[in-house]
Structure formats: structure tokens, C-alpha cells
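Enquirer: Here you go, this is target_28.pdb (PDB, C-alpha atoms, pLDDT in the B column).
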MODEL        1
ATOM      1  CA  MET V   1     113.561 179.024  35.608  1.00 46.00           C
ATOM      2  CA  SER V   2     115.553 176.400  33.727  1.00 45.00           C
ATOM      3  CA  ARG V   3     114.740 175.453  30.191  1.00 48.00           C
ATOM      4  CA  THR V   4     116.059 172.962  27.706  1.00 48.00           C
ATOM      5  CA  SER V   5     117.675 174.353  24.566  1.00 50.00           C
ATOM      6  CA  GLU V   6     117.255 172.993  21.048  1.00 58.00           C
ATOM      7  CA  THR V   7     120.465 170.995  21.539  1.00 53.00           C
ATOM      8  CA  GLY V   8     118.940 169.264  24.546  1.00 55.00           C
ATOM      9  CA  ARG V   9     121.240 171.013  27.034  1.00 52.00           C
ATOM     10  CA  LYS V  10     119.710 172.498  30.122  1.00 51.00           C
ATOM     11  CA  GLU V  11     120.084 176.271  30.186  1.00 54.00           C
ATOM     12  CA  GLU V  12     119.796 178.373  33.316  1.00 49.00           C
ATOM     13  CA  SER V  13     118.010 181.663  33.389  1.00 54.00           C
ATOM     14  CA  SER V  14     119.447 184.692  35.151  1.00 55.00           C
ATOM     15  CA  GLU V  15     116.853 184.064  37.872  1.00 52.00           C
ATOM     16  CA  ASP V  16     118.297 180.561  38.476  1.00 49.00           C
ATOM     17  CA  ARG V  17     121.839 181.933  38.652  1.00 50.00           C
ATOM     18  CA  GLN V  18     120.754 184.683  41.021  1.00 51.00           C
ATOM     19  CA  ARG V  19     118.944 182.204  43.300  1.00 51.00           C
ATOM     20  CA  GLU V  20     122.039 179.978  43.406  1.00 51.00           C
ATOM     21  CA  ALA V  21     124.201 182.971  44.297  1.00 54.00           C
ATOM     22  CA  ARG V  22     122.121 183.650  47.390  1.00 67.00           C
ATOM     23  CA  VAL V  23     123.461 181.918  50.425  1.00 68.00           C
ATOM     24  CA  GLY V  24     121.628 181.619  53.699  1.00 91.00           C
ATOM     25  CA  LEU V  25     123.380 182.894  56.788  1.00 95.00           C
ATOM     26  CA  TYR V  26     122.221 181.923  60.272  1.00 96.00           C
ATOM     27  CA  VAL V  27     122.645 184.636  62.902  1.00 97.00           C
ATOM     28  CA  GLY V  28     122.115 183.439  66.462  1.00 96.00           C
ATOM     29  CA  ALA V  29     122.176 185.116  69.866  1.00 94.00           C
ATOM     30  CA  LEU V  30     120.660 188.396  68.689  1.00 94.00           C
ATOM     31  CA  PRO V  31     120.536 191.184  71.255  1.00 90.00           C
ATOM     32  CA  PHE V  32     117.237 191.938  72.964  1.00 85.00           C
ATOM     33  CA  GLY V  33     114.874 193.919  70.758  1.00 88.00           C
ATOM     34  CA  ALA V  34     116.673 193.209  67.475  1.00 91.00           C
ATOM     35  CA  ASN V  35     114.464 193.436  64.409  1.00 94.00           C
ATOM     36  CA  VAL V  36     114.802 193.130  60.625  1.00 97.00           C
ATOM     37  CA  GLU V  37     116.195 196.654  60.272  1.00 97.00           C
ATOM     38  CA  THR V  38     118.767 196.063  63.045  1.00 95.00           C
ATOM     39  CA  VAL V  39     120.025 192.896  61.365  1.00 97.00           C
ATOM     40  CA  ARG V  40     120.023 194.489  57.902  1.00 97.00           C
ATOM     41  CA  LYS V  41     122.218 197.346  59.154  1.00 97.00           C
ATOM     42  CA  LEU V  42     124.660 194.882  60.727  1.00 97.00           C
ATOM     43  CA  PHE V  43     125.195 193.066  57.424  1.00 97.00           C
ATOM     44  CA  GLU V  44     124.948 195.902  54.869  1.00 96.00           C
ATOM     45  CA  PRO V  45     128.741 196.466  54.881  1.00 95.00           C
ATOM     46  CA  PHE V  46     129.178 192.993  53.363  1.00 94.00           C
ATOM     47  CA  GLY V  47     127.329 193.604  50.116  1.00 92.00           C
ATOM     48  CA  PRO V  48     123.810 193.368  48.726  1.00 93.00           C
ATOM     49  CA  ILE V  49     121.249 191.761  51.007  1.00 94.00           C
ATOM     50  CA  PHE V  50     118.458 189.809  49.336  1.00 94.00           C
ATOM     51  CA  SER V  51     116.357 189.099  52.417  1.00 95.00           C
ATOM     52  CA  VAL V  52     116.309 189.172  56.213  1.00 96.00           C
ATOM     53  CA  SER V  53     113.952 187.446  58.614  1.00 95.00           C
ATOM     54  CA  VAL V  54     114.052 187.593  62.395  1.00 95.00           C
ATOM     55  CA  ASN V  55     112.547 184.911  64.589  1.00 93.00           C
ATOM     56  CA  ALA V  56     112.169 186.165  68.125  1.00 87.00           C
ATOM     57  CA  ASN V  57     109.671 185.835  70.933  1.00 85.00           C
ATOM     58  CA  TRP V  58     110.731 188.653  73.240  1.00 76.00           C
ATOM     59  CA  GLU V  59     108.132 187.620  75.830  1.00 82.00           C
ATOM     60  CA  ASN V  60     109.714 184.184  76.339  1.00 80.00           C
ATOM     61  CA  PRO V  61     113.358 184.496  77.411  1.00 70.00           C
ATOM     62  CA  THR V  62     114.041 180.794  76.790  1.00 74.00           C
ATOM     63  CA  ASP V  63     113.496 181.227  73.031  1.00 79.00           C
ATOM     64  CA  GLU V  64     116.795 182.390  71.568  1.00 83.00           C
ATOM     65  CA  PRO V  65     116.270 185.146  69.019  1.00 89.00           C
ATOM     66  CA  HIS V  66     117.870 184.414  65.670  1.00 94.00           C
ATOM     67  CA  ALA V  67     117.795 185.594  62.083  1.00 96.00           C
ATOM     68  CA  PHE V  68     118.344 184.367  58.568  1.00 96.00           C
ATOM     69  CA  VAL V  69     120.086 186.660  56.126  1.00 96.00           C
ATOM     70  CA  GLU V  70     120.450 185.999  52.399  1.00 95.00           C
ATOM     71  CA  LEU V  71     123.328 187.772  50.741  1.00 92.00           C
ATOM     72  CA  LYS V  72     125.597 187.054  47.832  1.00 84.00           C
ATOM     73  CA  ASN V  73     128.990 187.087  49.559  1.00 81.00           C
ATOM     74  CA  ILE V  74     129.106 185.663  53.049  1.00 92.00           C
ATOM     75  CA  LYS V  75     132.737 184.770  53.756  1.00 92.00           C
ATOM     76  CA  GLU V  76     133.727 188.211  55.035  1.00 94.00           C
ATOM     77  CA  ALA V  77     130.443 188.548  56.943  1.00 96.00           C
ATOM     78  CA  ILE V  78     131.110 185.320  58.824  1.00 97.00           C
ATOM     79  CA  GLU V  79     134.749 186.218  59.516  1.00 96.00           C
ATOM     80  CA  LYS V  80     133.915 189.664  60.880  1.00 96.00           C
ATOM     81  CA  MET V  81     130.582 189.043  62.604  1.00 97.00           C
ATOM     82  CA  ASP V  82     130.884 185.606  64.225  1.00 98.00           C
ATOM     83  CA  GLY V  83     131.661 186.253  67.887  1.00 98.00           C
ATOM     84  CA  LYS V  84     131.182 190.022  67.585  1.00 98.00           C
ATOM     85  CA  LYS V  85     129.761 191.592  70.724  1.00 97.00           C
ATOM     86  CA  ILE V  86     126.513 193.418  70.030  1.00 94.00           C
ATOM     87  CA  GLY V  87     124.802 194.842  73.084  1.00 89.00           C
ATOM     88  CA  ASN V  88     125.060 192.254  75.839  1.00 89.00           C
ATOM     89  CA  THR V  89     125.573 189.209  73.627  1.00 93.00           C
ATOM     90  CA  TYR V  90     128.039 187.673  71.175  1.00 97.00           C
ATOM     91  CA  LEU V  91     126.625 186.863  67.760  1.00 97.00           C
ATOM     92  CA  ARG V  92     126.884 183.368  66.334  1.00 97.00           C
ATOM     93  CA  VAL V  93     127.106 183.598  62.559  1.00 97.00           C
ATOM     94  CA  HIS V  94     127.519 180.694  60.153  1.00 96.00           C
ATOM     95  CA  GLU V  95     126.459 179.525  56.752  1.00 94.00           C
ATOM     96  CA  GLY V  96     123.276 177.584  56.614  1.00 83.00           C
ATOM     97  CA  GLY V  97     119.585 177.774  56.834  1.00 63.00           C
ATOM     98  CA  SER V  98     116.925 179.605  54.965  1.00 53.00           C
ATOM     99  CA  HIS V  99     113.736 181.185  56.080  1.00 49.00           C
ATOM    100  CA  GLU V 100     111.765 180.065  53.013  1.00 49.00           C
TER     101      GLU V 100
ENDMDL
END
The structure given in the file should be rewritten as C-alpha cells.
Expert:
Amino acid sequence: MSRTSETGRKEESSEDRQREARVGLYVGALPFGANVETVRKLFEPFGPIFSVSVNANWENPTDEPHAFVELKNIKEAIEKMDGKKIGNTYLRVHEGGSHE
């Protein structure tokens, strides 16, 4: 939470800095049956993961399953995971979105 110092300057708390450091990553075209743990394991090699949410309706094949992953460093994750074949699909990974 931000606060104003005695000098009138806005100071950021460590919580504010940590929240800013989190970047949302959109992960589309998940393989059938993917869940939070599946997605977490895919992105663990790229550093600390703050949160993962999976939006999938496995009973309706027209709804594309996708996830949102919050992690501190996303550049390498995007470079290595966008277009990667997982199961019978190719992941689409890009910066953007949040599940909050």
C-alpha cells in the first residue's frame, strides 16, 4: 500500500513493488484435461509463480481452454513456450490479462 512521506513524496511499500513485478501471462490452447497443477509445472522452470488460474469447460469443445499465470519474469517463458507442442495442441503464450 502506498503512503505519503513527511516530505510529501509518495512512497511505495514492498507489497506495491511486488504487485508491480507480477505480470500476467495468457496461455491459450491448453491440452485437454489441463488443470492448475499442469500449467504450474509447465511454467516452473521460468522462476517463481505467484498464481495460476485455468478457465476450461471440458464438456463444451467450442470453449477454448486457457489459463492466466502470474510470474515475475516472463520474457523467457514467452520465448520458450509460445508455439510449444503440448499433447495434441500448440500453446499460445503472450503477455496480458489477469484473472483477478
Enquirer: Under the rule that all atoms listed in the file are counted, which of V:His94, V:Phe32, V:Tyr26, V:Lys41 is the nearest residue to V:Asp63?
Expert: V:Phe32
Enquirer: My list of candidates is V:Arg92, V:His66, V:Lys72, V:Lys85. Which is closest to V:Val54 when distances are computed with only C-alpha atoms?
Expert: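 The answer is V:His66, which sits nearest to V:Val54.
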Enquirer: Atom CA of V:Val93 and atom CA of V:Glu59 are how many Å apart?
Expert: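 Atom CA of V:Val93 sits 23.5 Å away from atom CA of V:Glu59.
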Enquirer: What is the distance between atom CA of V:Ile74 and atom CA of V:Pro48, in Å to one decimal?
Expert: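 Atom-to-atom, atom CA of V:Ile74 to atom CA of V:Pro48, that is 10.3 Å.
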Enquirer: For the file shown, report as a PyMOL selection string the outcome of the PyMOL selection byres ((chain V and resi 79) around 12) at residue level.
Expert: chain V and resi 43+46+73-78+80-84+91-95
Enquirer: Can you tell me how far atom CA of V:Pro61 sits from atom CA of V:Val36, in Å to one decimal?
Expert: 18.9 Å
Enquirer: Ranking V:Gly24, V:Val39, V:Ala34, V:Phe68 by minimum distance to V:Ser53 and counting only C-alpha atoms, which one comes first?
Expert: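 The answer is V:Phe68, which sits nearest to V:Ser53.
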Enquirer: For the PyMOL selection byres ((chain V and resi 64) around 10), applied here, can you spell out every residue it catches as a VMD selection string?
Expert: chain V and resid 28 to 32 55 to 58 60 to 63 65 to 66
Enquirer: Find the axis-aligned box for stretch 46-53 of chain V, covering all its listed atoms and adding 8 Å on each side, and write its centre and edge lengths in Å to one decimal as JSON.
Expert:
{"center_x": 121.6, "center_y": 190.5, "center_z": 53.7, "size_x": 31.2, "size_y": 22.2, "size_z": 25.9}
Enquirer: If the PyMOL selection byres ((chain V and resi 70) around 7) is run on the structure shown, which residues does it catch, given as an MDAnalysis selection string?
Expert: chainID V and resid 22:25 49:52 68:69 71:72
Enquirer: Would you export the selected residues with C-alpha atoms as a PDB file, keeping the file's coordinate frame, please?
Expert:
ATOM      1  CA  ARG V  22     122.121 183.650  47.390  1.00 67.00           C
ATOM      2  CA  VAL V  23     123.461 181.918  50.425  1.00 68.00           C
ATOM      3  CA  GLY V  24     121.628 181.619  53.699  1.00 91.00           C
ATOM      4  CA  LEU V  25     123.380 182.894  56.788  1.00 95.00           C
ATOM      5  CA  ILE V  49     121.249 191.761  51.007  1.00 94.00           C
ATOM      6  CA  PHE V  50     118.458 189.809  49.336  1.00 94.00           C
ATOM      7  CA  SER V  51     116.357 189.099  52.417  1.00 95.00           C
ATOM      8  CA  VAL V  52     116.309 189.172  56.213  1.00 96.00           C
ATOM      9  CA  PHE V  68     118.344 184.367  58.568  1.00 96.00           C
ATOM     10  CA  VAL V  69     120.086 186.660  56.126  1.00 96.00           C
ATOM     11  CA  LEU V  71     123.328 187.772  50.741  1.00 92.00           C
ATOM     12  CA  LYS V  72     125.597 187.054  47.832  1.00 84.00           C
TER      13      LYS V  72
END
